[in-house]
file run-v9.cif (mmCIF, C-alpha atoms and all ligand atoms)
data_start
loop_
_atom_site.group_PDB
_atom_site.id
_atom_site.type_symbol
_atom_site.label_atom_id
_atom_site.label_comp_id
_atom_site.auth_asym_id
_atom_site.auth_seq_id
_atom_site.Cartn_x
_atom_site.Cartn_y
_atom_site.Cartn_z
ATOM 1 C CA MET A 1 81.214 39.637 -14.285
ATOM 2 C CA SER A 2 79.712 42.761 -12.786
ATOM 3 C CA PHE A 3 80.505 41.544 -9.284
ATOM 4 C CA MET A 4 84.167 42.184 -9.967
ATOM 5 C CA LYS A 5 85.658 45.513 -8.996
ATOM 6 C CA ILE A 6 87.734 46.821 -11.867
ATOM 7 C CA ASP A 7 89.704 50.087 -12.058
ATOM 8 C CA LEU A 8 91.864 50.518 -15.149
ATOM 9 C CA HIS A 9 93.152 54.111 -14.850
ATOM 10 C CA ASN A 10 95.445 55.187 -11.976
ATOM 11 C CA HIS A 11 98.630 57.188 -11.357
ATOM 12 C CA SER A 12 101.705 56.857 -9.142
ATOM 13 C CA TYR A 13 104.577 59.250 -8.468
ATOM 14 C CA TYR A 14 106.318 57.913 -11.582
ATOM 15 C CA SER A 15 104.114 60.526 -13.298
ATOM 16 C CA ASP A 16 101.755 62.934 -11.523
ATOM 17 C CA GLY A 17 100.327 60.708 -8.781
ATOM 18 C CA PHE A 18 101.155 61.297 -5.122
ATOM 19 C CA LEU A 19 101.766 57.711 -3.970
ATOM 20 C CA SER A 20 104.412 55.146 -4.895
ATOM 21 C CA PRO A 21 103.344 52.231 -7.122
ATOM 22 C CA SER A 22 103.386 49.885 -4.078
ATOM 23 C CA GLU A 23 101.202 52.257 -2.100
ATOM 24 C CA VAL A 24 98.729 52.624 -4.983
ATOM 25 C CA VAL A 25 98.461 48.853 -5.405
ATOM 26 C CA LEU A 26 98.046 48.339 -1.656
ATOM 27 C CA LEU A 27 95.291 50.941 -1.580
ATOM 28 C CA ALA A 28 93.541 49.327 -4.551
ATOM 29 C CA LYS A 29 93.560 46.015 -2.680
ATOM 30 C CA LYS A 30 92.211 47.669 0.485
ATOM 31 C CA GLU A 31 89.405 49.278 -1.522
ATOM 32 C CA GLY A 32 88.435 45.858 -2.833
ATOM 33 C CA CYS A 33 89.687 45.952 -6.433
ATOM 34 C CA ASP A 34 90.007 42.591 -8.205
ATOM 35 C CA VAL A 35 91.541 43.931 -11.411
ATOM 36 C CA PHE A 36 93.625 47.040 -11.473
ATOM 37 C CA SER A 37 95.812 49.001 -13.892
ATOM 38 C CA LEU A 38 98.570 51.517 -13.249
ATOM 39 C CA THR A 39 98.560 53.990 -16.151
ATOM 40 C CA ASP A 40 101.168 56.662 -15.577
ATOM 41 C CA HIS A 41 101.564 59.490 -18.104
ATOM 42 C CA ASP A 42 104.066 58.565 -20.822
ATOM 43 C CA THR A 43 106.016 56.054 -18.710
ATOM 44 C CA THR A 44 105.810 52.405 -17.713
ATOM 45 C CA ASP A 45 108.644 52.645 -15.170
ATOM 46 C CA GLY A 46 106.372 52.257 -12.128
ATOM 47 C CA LEU A 47 105.025 48.899 -13.286
ATOM 48 C CA ILE A 48 107.940 46.791 -12.049
ATOM 49 C CA GLU A 49 107.412 47.882 -8.451
ATOM 50 C CA ALA A 50 103.626 47.691 -8.911
ATOM 51 C CA GLN A 51 103.876 44.098 -10.202
ATOM 52 C CA GLN A 52 105.966 42.998 -7.201
ATOM 53 C CA GLN A 53 103.370 44.416 -4.830
ATOM 54 C CA ALA A 54 100.465 42.965 -6.847
ATOM 55 C CA ASP A 55 102.077 39.505 -6.700
ATOM 56 C CA LYS A 56 102.424 39.769 -2.917
ATOM 57 C CA LEU A 57 98.777 40.781 -2.523
ATOM 58 C CA ASP A 58 97.444 38.436 -5.193
ATOM 59 C CA LEU A 59 95.854 41.307 -7.113
ATOM 60 C CA LYS A 60 95.493 41.115 -10.891
ATOM 61 C CA LEU A 61 97.574 43.941 -12.395
ATOM 62 C CA ILE A 62 97.037 44.991 -16.011
ATOM 63 C CA HIS A 63 100.117 46.774 -17.356
ATOM 64 C CA GLY A 64 99.060 50.174 -18.607
ATOM 65 C CA VAL A 65 100.155 53.634 -19.698
ATOM 66 C CA GLU A 66 98.376 56.933 -20.481
ATOM 67 C CA ILE A 67 99.934 58.484 -23.561
ATOM 68 C CA SER A 68 99.500 62.122 -24.576
ATOM 69 C CA ALA A 69 98.648 62.536 -28.256
ATOM 70 C CA MET A 70 97.726 65.231 -30.763
ATOM 71 C CA TRP A 71 94.425 65.251 -32.598
ATOM 72 C CA SER A 72 93.548 68.235 -34.762
ATOM 73 C CA ASN A 73 96.130 70.339 -32.860
ATOM 74 C CA MET A 74 94.623 69.458 -29.481
ATOM 75 C CA THR A 75 96.045 67.227 -26.767
ATOM 76 C CA ILE A 76 94.138 64.043 -25.985
ATOM 77 C CA HIS A 77 95.014 61.068 -23.754
ATOM 78 C CA ILE A 78 95.070 57.500 -25.039
ATOM 79 C CA LEU A 79 95.386 54.616 -22.583
ATOM 80 C CA GLY A 80 97.355 51.545 -23.555
ATOM 81 C CA LEU A 81 96.022 48.576 -21.561
ATOM 82 C CA GLY A 82 97.532 45.106 -21.414
ATOM 83 C CA ILE A 83 100.812 46.256 -22.977
ATOM 84 C CA ASP A 84 104.149 44.462 -23.112
ATOM 85 C CA ILE A 85 106.407 46.970 -21.361
ATOM 86 C CA ASN A 86 109.499 45.521 -23.047
ATOM 87 C CA ASN A 87 108.280 46.407 -26.526
ATOM 88 C CA GLU A 88 110.850 48.577 -28.314
ATOM 89 C CA THR A 89 108.447 50.552 -30.492
ATOM 90 C CA LEU A 90 106.431 51.574 -27.446
ATOM 91 C CA GLN A 91 109.473 52.468 -25.349
ATOM 92 C CA LYS A 92 111.031 54.488 -28.186
ATOM 93 C CA GLY A 93 107.834 56.506 -28.467
ATOM 94 C CA LEU A 94 107.574 57.054 -24.714
ATOM 95 C CA LYS A 95 111.208 58.183 -24.577
ATOM 96 C CA GLN A 96 110.414 60.860 -27.171
ATOM 97 C CA HIS A 97 107.585 62.127 -24.950
ATOM 98 C CA GLN A 98 109.775 62.060 -21.837
ATOM 99 C CA GLU A 99 112.355 64.230 -23.616
ATOM 100 C CA PHE A 100 109.640 66.632 -24.731
ATOM 101 C CA ARG A 101 108.399 66.893 -21.129
ATOM 102 C CA GLN A 102 111.885 67.923 -19.988
ATOM 103 C CA LEU A 103 112.139 70.680 -22.615
ATOM 104 C CA ARG A 104 108.576 71.815 -21.971
ATOM 105 C CA ALA A 105 109.252 72.066 -18.215
ATOM 106 C CA GLU A 106 112.223 74.351 -18.881
ATOM 107 C CA LYS A 107 110.076 76.563 -21.135
ATOM 108 C CA MET A 108 107.243 76.652 -18.604
ATOM 109 C CA ALA A 109 109.667 77.657 -15.844
ATOM 110 C CA ARG A 110 110.994 80.475 -18.006
ATOM 111 C CA GLY A 111 107.446 81.651 -18.673
ATOM 112 C CA LEU A 112 106.656 81.611 -14.960
ATOM 113 C CA GLY A 113 109.884 83.538 -14.261
ATOM 114 C CA GLY A 114 108.575 86.241 -16.601
ATOM 115 C CA ALA A 115 105.444 86.395 -14.441
ATOM 116 C CA GLY A 116 107.475 86.819 -11.256
ATOM 117 C CA VAL A 117 107.617 83.196 -10.072
ATOM 118 C CA PHE A 118 111.336 82.525 -9.706
ATOM 119 C CA GLY A 119 113.245 79.253 -9.397
ATOM 120 C CA ALA A 120 110.236 77.321 -10.728
ATOM 121 C CA LEU A 121 112.305 74.560 -12.340
ATOM 122 C CA GLU A 122 114.250 73.769 -9.152
ATOM 123 C CA LYS A 123 111.077 73.887 -7.055
ATOM 124 C CA VAL A 124 109.034 71.729 -9.420
ATOM 125 C CA LYS A 125 111.780 69.099 -9.490
ATOM 126 C CA LEU A 126 111.399 68.664 -5.728
ATOM 127 C CA VAL A 127 107.678 67.949 -6.191
ATOM 128 C CA ALA A 128 108.210 65.518 -9.109
ATOM 129 C CA LYS A 129 109.774 62.675 -7.200
ATOM 130 C CA LYS A 130 110.853 60.524 -10.150
ATOM 131 C CA GLY A 131 111.809 63.270 -12.563
ATOM 132 C CA MET A 132 108.833 63.096 -14.956
ATOM 133 C CA ILE A 133 107.515 66.634 -14.844
ATOM 134 C CA THR A 134 103.830 67.233 -15.540
ATOM 135 C CA ARG A 135 101.658 70.300 -15.267
ATOM 136 C CA THR A 136 100.171 68.753 -12.112
ATOM 137 C CA HIS A 137 103.590 69.172 -10.474
ATOM 138 C CA PHE A 138 103.753 72.817 -11.500
ATOM 139 C CA ALA A 139 100.243 73.283 -10.142
ATOM 140 C CA GLN A 140 101.052 71.650 -6.798
ATOM 141 C CA MET A 141 104.228 73.724 -6.538
ATOM 142 C CA LEU A 142 102.369 76.997 -7.189
ATOM 143 C CA VAL A 143 99.780 76.105 -4.537
ATOM 144 C CA GLN A 144 102.535 75.217 -2.048
ATOM 145 C CA GLU A 145 104.271 78.517 -2.780
ATOM 146 C CA GLY A 146 101.032 80.352 -2.041
ATOM 147 C CA VAL A 147 100.838 81.788 -5.565
ATOM 148 C CA CYS A 148 97.380 80.243 -6.095
ATOM 149 C CA LYS A 149 94.820 78.870 -3.675
ATOM 150 C CA ASP A 150 93.946 75.654 -5.511
ATOM 151 C CA MET A 151 94.725 73.479 -8.536
ATOM 152 C CA ARG A 152 91.842 74.759 -10.607
ATOM 153 C CA SER A 153 92.933 78.375 -10.357
ATOM 154 C CA VAL A 154 96.550 77.515 -11.211
ATOM 155 C CA PHE A 155 95.512 75.861 -14.444
ATOM 156 C CA LYS A 156 93.324 78.831 -15.305
ATOM 157 C CA ARG A 157 95.851 81.536 -14.422
ATOM 158 C CA PHE A 158 99.102 79.913 -15.445
ATOM 159 C CA LEU A 159 99.137 76.601 -17.230
ATOM 160 C CA THR A 160 96.925 76.832 -20.296
ATOM 161 C CA GLY A 161 96.826 78.571 -23.666
ATOM 162 C CA LYS A 162 98.691 81.863 -23.782
ATOM 163 C CA LYS A 163 99.178 82.076 -20.002
ATOM 164 C CA PRO A 164 102.742 82.476 -18.599
ATOM 165 C CA GLY A 165 103.250 78.728 -18.089
ATOM 166 C CA GLY A 166 101.236 77.628 -21.122
ATOM 167 C CA VAL A 167 103.319 75.793 -23.699
ATOM 168 C CA GLY A 168 101.829 74.214 -26.819
ATOM 169 C CA GLY A 169 101.826 70.439 -26.817
ATOM 170 C CA LYS A 170 103.791 68.626 -29.469
ATOM 171 C CA TRP A 171 103.073 65.040 -28.671
ATOM 172 C CA ALA A 172 102.962 62.354 -31.345
ATOM 173 C CA GLU A 173 99.823 62.224 -33.517
ATOM 174 C CA TYR A 174 96.990 59.953 -32.365
ATOM 175 C CA ASP A 175 97.447 57.345 -35.099
ATOM 176 C CA GLU A 176 101.114 56.959 -34.258
ATOM 177 C CA VAL A 177 100.325 56.545 -30.553
ATOM 178 C CA ILE A 178 97.686 53.897 -31.304
ATOM 179 C CA GLY A 179 100.376 52.154 -33.392
ATOM 180 C CA TRP A 180 102.815 52.077 -30.430
ATOM 181 C CA ILE A 181 100.139 50.527 -28.209
ATOM 182 C CA HIS A 182 99.225 47.905 -30.784
ATOM 183 C CA ALA A 183 102.907 47.108 -31.395
ATOM 184 C CA ALA A 184 103.093 46.326 -27.666
ATOM 185 C CA GLY A 185 100.018 44.073 -27.907
ATOM 186 C CA GLY A 186 97.778 46.437 -25.935
ATOM 187 C CA LYS A 187 94.285 47.857 -26.320
ATOM 188 C CA ALA A 188 94.124 51.568 -27.205
ATOM 189 C CA VAL A 189 91.396 53.364 -25.243
ATOM 190 C CA LEU A 190 90.439 57.049 -25.394
ATOM 191 C CA ALA A 191 90.601 58.382 -21.812
ATOM 192 C CA HIS A 192 87.933 60.664 -20.260
ATOM 193 C CA PRO A 193 86.206 61.749 -23.525
ATOM 194 C CA LEU A 194 84.212 64.500 -21.790
ATOM 195 C CA ARG A 195 87.211 66.277 -20.281
ATOM 196 C CA TYR A 196 88.656 67.859 -23.423
ATOM 197 C CA ARG A 197 86.749 71.131 -23.538
ATOM 198 C CA MET A 198 85.196 70.120 -26.830
ATOM 199 C CA THR A 199 81.541 70.296 -27.801
ATOM 200 C CA ASN A 200 79.789 66.923 -27.991
ATOM 201 C CA THR A 201 79.744 67.268 -31.770
ATOM 202 C CA LYS A 202 83.499 67.601 -31.734
ATOM 203 C CA VAL A 203 83.973 64.640 -29.383
ATOM 204 C CA ARG A 204 81.920 62.536 -31.798
ATOM 205 C CA ARG A 205 84.177 63.670 -34.642
ATOM 206 C CA LEU A 206 87.180 62.713 -32.487
ATOM 207 C CA LEU A 207 85.737 59.256 -31.804
ATOM 208 C CA ASN A 208 84.933 58.817 -35.471
ATOM 209 C CA HIS A 209 88.521 59.685 -36.528
ATOM 210 C CA LEU A 210 90.101 57.549 -33.831
ATOM 211 C CA SER A 211 87.976 54.512 -34.508
ATOM 212 C CA GLY A 212 89.000 54.880 -38.165
ATOM 213 C CA ALA A 213 92.600 54.706 -36.910
ATOM 214 C CA ASP A 214 91.896 51.414 -35.110
ATOM 215 C CA LEU A 215 91.141 52.704 -31.621
ATOM 216 C CA ASP A 216 89.819 49.774 -29.562
ATOM 217 C CA GLY A 217 87.835 51.435 -26.825
ATOM 218 C CA VAL A 218 86.646 54.456 -24.897
ATOM 219 C CA GLU A 219 86.450 55.147 -21.173
ATOM 220 C CA VAL A 220 82.722 55.053 -20.438
ATOM 221 C CA VAL A 221 82.955 55.299 -16.643
ATOM 222 C CA THR A 222 85.503 57.570 -14.941
ATOM 223 C CA GLY A 223 85.882 58.779 -11.354
ATOM 224 C CA SER A 224 84.149 62.054 -12.142
ATOM 225 C CA SER A 225 81.363 60.829 -14.456
ATOM 226 C CA SER A 226 77.721 61.654 -13.775
ATOM 227 C CA SER A 227 75.126 59.034 -14.744
ATOM 228 C CA ASP A 228 74.015 61.149 -17.702
ATOM 229 C CA GLU A 229 77.602 61.285 -18.931
ATOM 230 C CA ILE A 230 77.925 57.512 -18.600
ATOM 231 C CA THR A 231 74.762 57.004 -20.642
ATOM 232 C CA LEU A 232 75.988 59.411 -23.322
ATOM 233 C CA VAL A 233 79.448 57.873 -23.722
ATOM 234 C CA SER A 234 77.981 54.383 -23.617
ATOM 235 C CA GLN A 235 75.815 55.344 -26.619
ATOM 236 C CA TRP A 236 78.859 56.666 -28.456
ATOM 237 C CA ALA A 237 80.738 53.433 -27.728
ATOM 238 C CA LYS A 238 77.941 51.553 -29.496
ATOM 239 C CA GLU A 239 77.714 54.038 -32.351
ATOM 240 C CA PHE A 240 81.447 53.836 -33.125
ATOM 241 C CA ASP A 241 81.765 50.141 -32.321
ATOM 242 C CA LEU A 242 84.192 50.692 -29.445
ATOM 243 C CA LEU A 243 84.811 48.566 -26.365
ATOM 244 C CA SER A 244 84.024 50.135 -22.983
ATOM 245 C CA SER A 245 86.535 50.789 -20.244
ATOM 246 C CA ILE A 246 86.288 51.908 -16.629
ATOM 247 C CA GLY A 247 88.855 53.798 -14.545
ATOM 248 C CA SER A 248 88.927 56.307 -11.707
ATOM 249 C CA ASP A 249 91.931 58.410 -12.869
ATOM 250 C CA TYR A 250 93.098 58.372 -9.258
ATOM 251 C CA HIS A 251 96.080 60.701 -8.553
ATOM 252 C CA GLY A 252 95.963 60.693 -4.738
ATOM 253 C CA TRP A 253 96.984 64.283 -4.003
ATOM 254 C CA PRO A 254 95.620 65.406 -0.618
ATOM 255 C CA ASN A 255 93.522 68.109 -2.306
ATOM 256 C CA GLN A 256 91.859 65.748 -4.800
ATOM 257 C CA ARG A 257 88.611 63.912 -4.241
ATOM 258 C CA VAL A 258 88.597 60.960 -6.630
ATOM 259 C CA ARG A 259 89.045 57.620 -4.826
ATOM 260 C CA ILE A 260 90.544 54.425 -6.154
ATOM 261 C CA GLY A 261 87.983 51.766 -7.099
ATOM 262 C CA HIS A 262 85.014 54.045 -6.367
ATOM 263 C CA LEU A 263 83.163 53.940 -9.639
ATOM 264 C CA GLN A 264 79.619 53.773 -10.844
ATOM 265 C CA ASP A 265 78.421 50.602 -12.550
ATOM 266 C CA MET A 266 79.204 50.054 -16.175
ATOM 267 C CA PRO A 267 76.133 49.902 -18.459
ATOM 268 C CA GLN A 268 75.674 46.293 -19.511
ATOM 269 C CA VAL A 269 74.835 47.227 -23.100
ATOM 270 C CA ASN A 270 78.441 47.539 -24.268
ATOM 271 C CA GLU A 271 81.225 45.050 -24.837
ATOM 272 C CA MET A 272 83.996 45.450 -22.304
ATOM 273 C CA VAL A 273 87.621 46.187 -23.064
ATOM 274 C CA TRP A 274 88.638 42.939 -21.327
ATOM 275 C CA LYS A 275 86.563 40.853 -23.767
ATOM 276 C CA ASP A 276 88.823 38.290 -25.529
ATOM 277 C CA SER A 277 91.569 38.833 -22.942
ATOM 278 C CA SER A 278 92.753 36.852 -19.953
ATOM 279 C CA TRP A 279 92.534 39.898 -17.686
ATOM 280 C CA LEU A 280 89.791 38.491 -15.495
ATOM 281 C CA ASN A 281 91.374 35.049 -15.067
HETATM 282 P P1 LIG B 1 100.486 67.314 -18.643
HETATM 283 O O1 LIG B 1 100.316 65.930 -19.193
HETATM 284 O O2 LIG B 1 101.840 67.524 -18.024
HETATM 285 O O3 LIG B 1 100.106 68.407 -19.598
HETATM 286 O O4 LIG B 1 99.505 67.436 -17.387
HETATM 287 C C1 LIG B 1 98.180 67.113 -17.530
HETATM 288 C C2 LIG B 1 97.639 66.670 -16.187
HETATM 289 O O5 LIG B 1 97.269 67.802 -15.449
HETATM 290 C C3 LIG B 1 96.381 65.860 -16.318
HETATM 291 O O6 LIG B 1 96.695 64.491 -16.427
HETATM 292 C C4 LIG B 1 95.642 66.129 -15.042
HETATM 293 O O7 LIG B 1 96.076 65.237 -14.042
HETATM 294 C C5 LIG B 1 96.098 67.520 -14.696
HETATM 295 N N1 LIG B 1 95.124 68.577 -15.035
HETATM 296 C C6 LIG B 1 94.840 69.072 -16.249
HETATM 297 N N2 LIG B 1 93.932 70.072 -16.174
HETATM 298 C C7 LIG B 1 93.625 70.209 -14.855
HETATM 299 C C8 LIG B 1 92.771 71.081 -14.091
HETATM 300 N N3 LIG B 1 92.025 72.013 -14.697
HETATM 301 N N4 LIG B 1 92.740 70.929 -12.756
HETATM 302 C C9 LIG B 1 93.491 69.996 -12.151
HETATM 303 N N5 LIG B 1 94.319 69.159 -12.795
HETATM 304 C C10 LIG B 1 94.389 69.258 -14.125
HETATM 305 MN MN MN B 2 97.417 63.390 -14.582
HETATM 306 MN MN MN B 3 94.286 62.074 -18.651
HETATM 307 MN MN MN B 4 95.049 59.935 -15.995
#
call {"tool": "encode", "arguments": {"input": "run-v9.cif", "output": "structure tokens"}}
result
Amino acid sequence: MSFMKIDLHNHSYYSDGFLSPSEVVLLAKKEGCDVFSLTDHDTTDGLIEAQQQADKLDLKLIHGVEISAMWSNMTIHILGLGIDINNETLQKGLKQHQEFRQLRAEKMARGLGGAGVFGALEKVKLVAKKGMITRTHFAQMLVQEGVCKDMRSVFKRFLTGKKPGGVGGKWAEYDEVIGWIHAAGGKAVLAHPLRYRMTNTKVRRLLNHLSGADLDGVEVVTGSSSSDEITLVSQWAKEFDLLSSIGSDYHGWPNQRVRIGHLQDMPQVNEMVWKDSSWLN
């Protein structure tokens, strides 16, 4: 099925993407996607609008979500793909994360106030169109305000570790998050395994722990992967008996380069995350 164009990791303005769900789906269609997933951070609220647009355009939409989770005191991202968005266990978990985001945003704004950036909460709310506040919104706001020149420097100067806007994550533990996804009938997939600032040894330990907790798959191809990285993660997928997934992690901000549906080929040596599903029908 390699002739199909599949992109299973994308954001809308229901979390930290720039475009509306309809606009993201329309763009995916224009870029030639056959199968597509909207995976906003800790919310499924954009999927209703996305589904309406996908129906109009006759594009196959896989219902998805990207859930923040703790592993060994670090934040990781686990995608839930093919989920039932009406599942109560999943929605209860997501609600907990949405409440934490609200509290965290208030703390971050206070921290930024201490560093001389005033009115951060009010300003960031204007950037976060649907009310879910992420660090991406803080970053965009600080660039707009001229405090930093680009996203990368904001994260470095303000939004991580002990920096003024750095707030420790207290998301649910990874095994609990995998449980929510499975309760909703979805596949749990570790997102962008090489973006966690961990050594490869540590990422292998992460994959080992997660596959012991019933993780289904790992993202082998992402929008920023090099071919060496794809080969490496593909080997890990085999080693830990995980299905492979593919997704651009498109956010659509004017200053970001990743494009929807523009992905390198998936190595044919792995089993795909859509195996045993009706996603390609
Ligand atoms: P949050 O879930 O609110 O902590 O925000 C995390 C989001 O910030 C990620 O999903 C990325 O979209 C974005 N992000 C994290 N680190 C960086 C970075 N160094 N540069 C640009 N964006 C980043
Ligand atoms: Mn994001
Ligand atoms: Mn992510
Ligand atoms: Mn993402």
call {"tool": "closest_atom_pairs", "arguments": {"input": "run-v9.cif", "of": "chain A", "to": "ligand MN 4 (chain B)", "cutoff": "12 Å", "atoms": "only C-alpha atoms and all ligand atoms", "output": "CSV"}}
result
residue,atom,partner,partner_atom,distance
A:Asp7,CA,B:MN4,MN,11.9
A:Leu8,CA,B:MN4,MN,10.0
A:His9,CA,B:MN4,MN,6.2
A:Asn10,CA,B:MN4,MN,6.2
A:His11,CA,B:MN4,MN,6.5
A:Ser12,CA,B:MN4,MN,10.0
A:Ser15,CA,B:MN4,MN,9.5
A:Asp16,CA,B:MN4,MN,8.6
A:Gly17,CA,B:MN4,MN,9.0
A:Ser37,CA,B:MN4,MN,11.2
A:Leu38,CA,B:MN4,MN,9.5
A:Thr39,CA,B:MN4,MN,6.9
A:Asp40,CA,B:MN4,MN,7.0
A:His41,CA,B:MN4,MN,6.9
A:Asp42,CA,B:MN4,MN,10.3
A:Thr43,CA,B:MN4,MN,11.9
A:Gly64,CA,B:MN4,MN,10.9
A:Val65,CA,B:MN4,MN,8.9
A:Glu66,CA,B:MN4,MN,6.3
A:Ile67,CA,B:MN4,MN,9.1
A:Ser68,CA,B:MN4,MN,9.9
A:Ile76,CA,B:MN4,MN,10.8
A:His77,CA,B:MN4,MN,7.8
A:Ile78,CA,B:MN4,MN,9.4
A:Leu79,CA,B:MN4,MN,8.5
A:Gly80,CA,B:MN4,MN,11.5
A:Thr134,CA,B:MN4,MN,11.4
A:Thr136,CA,B:MN4,MN,10.9
A:Val189,CA,B:MN4,MN,11.9
A:Leu190,CA,B:MN4,MN,10.9
A:Ala191,CA,B:MN4,MN,7.5
A:His192,CA,B:MN4,MN,8.3
A:Pro193,CA,B:MN4,MN,11.8
A:Arg195,CA,B:MN4,MN,11.0
A:Glu219,CA,B:MN4,MN,11.1
A:Thr222,CA,B:MN4,MN,9.9
A:Gly223,CA,B:MN4,MN,10.3
A:Ser224,CA,B:MN4,MN,11.8
A:Ile246,CA,B:MN4,MN,11.9
A:Gly247,CA,B:MN4,MN,8.8
A:Ser248,CA,B:MN4,MN,8.3
A:Asp249,CA,B:MN4,MN,4.7
A:Tyr250,CA,B:MN4,MN,7.2
A:His251,CA,B:MN4,MN,7.6
A:Gly252,CA,B:MN4,MN,11.3
A:Val258,CA,B:MN4,MN,11.4
call {"tool": "write_last_selection", "arguments": {"input": "run-v9.cif", "atoms": "C-alpha atoms", "output": "PDB file, in the coordinates of the input"}}
result
ATOM      1  CA  ASP A   7      89.704  50.087 -12.058  1.00  0.00           C
ATOM      2  CA  LEU A   8      91.864  50.518 -15.149  1.00  0.00           C
ATOM      3  CA  HIS A   9      93.152  54.111 -14.850  1.00  0.00           C
ATOM      4  CA  ASN A  10      95.445  55.187 -11.976  1.00  0.00           C
ATOM      5  CA  HIS A  11      98.630  57.188 -11.357  1.00  0.00           C
ATOM      6  CA  SER A  12     101.705  56.857  -9.142  1.00  0.00           C
ATOM      7  CA  SER A  15     104.114  60.526 -13.298  1.00  0.00           C
ATOM      8  CA  ASP A  16     101.755  62.934 -11.523  1.00  0.00           C
ATOM      9  CA  GLY A  17     100.327  60.708  -8.781  1.00  0.00           C
ATOM     10  CA  SER A  37      95.812  49.001 -13.892  1.00  0.00           C
ATOM     11  CA  LEU A  38      98.570  51.517 -13.249  1.00  0.00           C
ATOM     12  CA  THR A  39      98.560  53.990 -16.151  1.00  0.00           C
ATOM     13  CA  ASP A  40     101.168  56.662 -15.577  1.00  0.00           C
ATOM     14  CA  HIS A  41     101.564  59.490 -18.104  1.00  0.00           C
ATOM     15  CA  ASP A  42     104.066  58.565 -20.822  1.00  0.00           C
ATOM     16  CA  THR A  43     106.016  56.054 -18.710  1.00  0.00           C
ATOM     17  CA  GLY A  64      99.060  50.174 -18.607  1.00  0.00           C
ATOM     18  CA  VAL A  65     100.155  53.634 -19.698  1.00  0.00           C
ATOM     19  CA  GLU A  66      98.376  56.933 -20.481  1.00  0.00           C
ATOM     20  CA  ILE A  67      99.934  58.484 -23.561  1.00  0.00           C
ATOM     21  CA  SER A  68      99.500  62.122 -24.576  1.00  0.00           C
ATOM     22  CA  ILE A  76      94.138  64.043 -25.985  1.00  0.00           C
ATOM     23  CA  HIS A  77      95.014  61.068 -23.754  1.00  0.00           C
ATOM     24  CA  ILE A  78      95.070  57.500 -25.039  1.00  0.00           C
ATOM     25  CA  LEU A  79      95.386  54.616 -22.583  1.00  0.00           C
ATOM     26  CA  GLY A  80      97.355  51.545 -23.555  1.00  0.00           C
ATOM     27  CA  THR A 134     103.830  67.233 -15.540  1.00  0.00           C
ATOM     28  CA  THR A 136     100.171  68.753 -12.112  1.00  0.00           C
ATOM     29  CA  VAL A 189      91.396  53.364 -25.243  1.00  0.00           C
ATOM     30  CA  LEU A 190      90.439  57.049 -25.394  1.00  0.00           C
ATOM     31  CA  ALA A 191      90.601  58.382 -21.812  1.00  0.00           C
ATOM     32  CA  HIS A 192      87.933  60.664 -20.260  1.00  0.00           C
ATOM     33  CA  PRO A 193      86.206  61.749 -23.525  1.00  0.00           C
ATOM     34  CA  ARG A 195      87.211  66.277 -20.281  1.00  0.00           C
ATOM     35  CA  GLU A 219      86.450  55.147 -21.173  1.00  0.00           C
ATOM     36  CA  THR A 222      85.503  57.570 -14.941  1.00  0.00           C
ATOM     37  CA  GLY A 223      85.882  58.779 -11.354  1.00  0.00           C
ATOM     38  CA  SER A 224      84.149  62.054 -12.142  1.00  0.00           C
ATOM     39  CA  ILE A 246      86.288  51.908 -16.629  1.00  0.00           C
ATOM     40  CA  GLY A 247      88.855  53.798 -14.545  1.00  0.00           C
ATOM     41  CA  SER A 248      88.927  56.307 -11.707  1.00  0.00           C
ATOM     42  CA  ASP A 249      91.931  58.410 -12.869  1.00  0.00           C
ATOM     43  CA  TYR A 250      93.098  58.372  -9.258  1.00  0.00           C
ATOM     44  CA  HIS A 251      96.080  60.701  -8.553  1.00  0.00           C
ATOM     45  CA  GLY A 252      95.963  60.693  -4.738  1.00  0.00           C
ATOM     46  CA  VAL A 258      88.597  60.960  -6.630  1.00  0.00           C
TER      47      VAL A 258
END
call {"tool": "atom_distance", "arguments": {"input": "run-v9.cif", "atom1": "atom CA of Glu88 of chain A", "atom2": "atom CA of Thr44 of chain A"}}
result
12.3 Å
call {"tool": "atom_distance", "arguments": {"input": "run-v9.cif", "atom1": "atom CA of Thr89 of chain A", "atom2": "atom CA of Trp180 of chain A"}}
result
5.8 Å
call {"tool": "closest_residue", "arguments": {"input": "run-v9.cif", "among": "A:Gly119, A:Gly82, A:Gly217, A:Gly131", "to": "His63 of chain A", "atoms": "only C-alpha atoms"}}
result
A:Gly82
call {"tool": "closest_residue", "arguments": {"input": "run-v9.cif", "among": "A:Ala28, A:Ala172, A:Gln98, A:Met74", "to": "Met198 of chain A", "atoms": "all atoms listed in the file"}}
result
A:Met74
call {"tool": "closest_residue", "arguments": {"input": "run-v9.cif", "among": "A:Lys56, A:Arg101, A:Arg204, A:Lys107", "to": "Ala237 of chain A", "atoms": "all atoms listed in the file"}}
result
A:Arg204
call {"tool": "closest_residue", "arguments": {"input": "run-v9.cif", "among": "A:Val127, A:Ile48, A:Leu103, A:Ile133", "to": "ligand MN 2 (chain B)", "atoms": "all atoms listed in the file"}}
result
A:Ile133
call {"tool": "closest_residue", "arguments": {"input": "run-v9.cif", "among": "A:Val220, A:Val167, A:Leu142, A:Leu126", "to": "Arg110 of chain A", "atoms": "all atoms listed in the file"}}
result
A:Val167
call {"tool": "resolve_selection", "arguments": {"input": "run-v9.cif", "expression": "the PyMOL selection byres (((chain A and resi 239) around 12) and not hetatm)", "output": "ChimeraX atom specification"}}
result
/A:204-205,207-208,211,217-218,232-238,240-244,269-270
call {"tool": "resolve_selection", "arguments": {"input": "run-v9.cif", "expression": "the PyMOL selection byres (((chain A and resi 117) around 12) and not hetatm)", "output": "list in words"}}
result
Met108, Ala109, Arg110, Gly111, Leu112, Gly113, Gly114, Ala115, Gly116, Phe118, Gly119, Ala120, Leu121, Glu122, Lys123, Val124, Phe138, Met141, Leu142, Val143, Glu145, Gly146, Val147, Cys148, Phe158, Pro164 and Gly165 of chain A
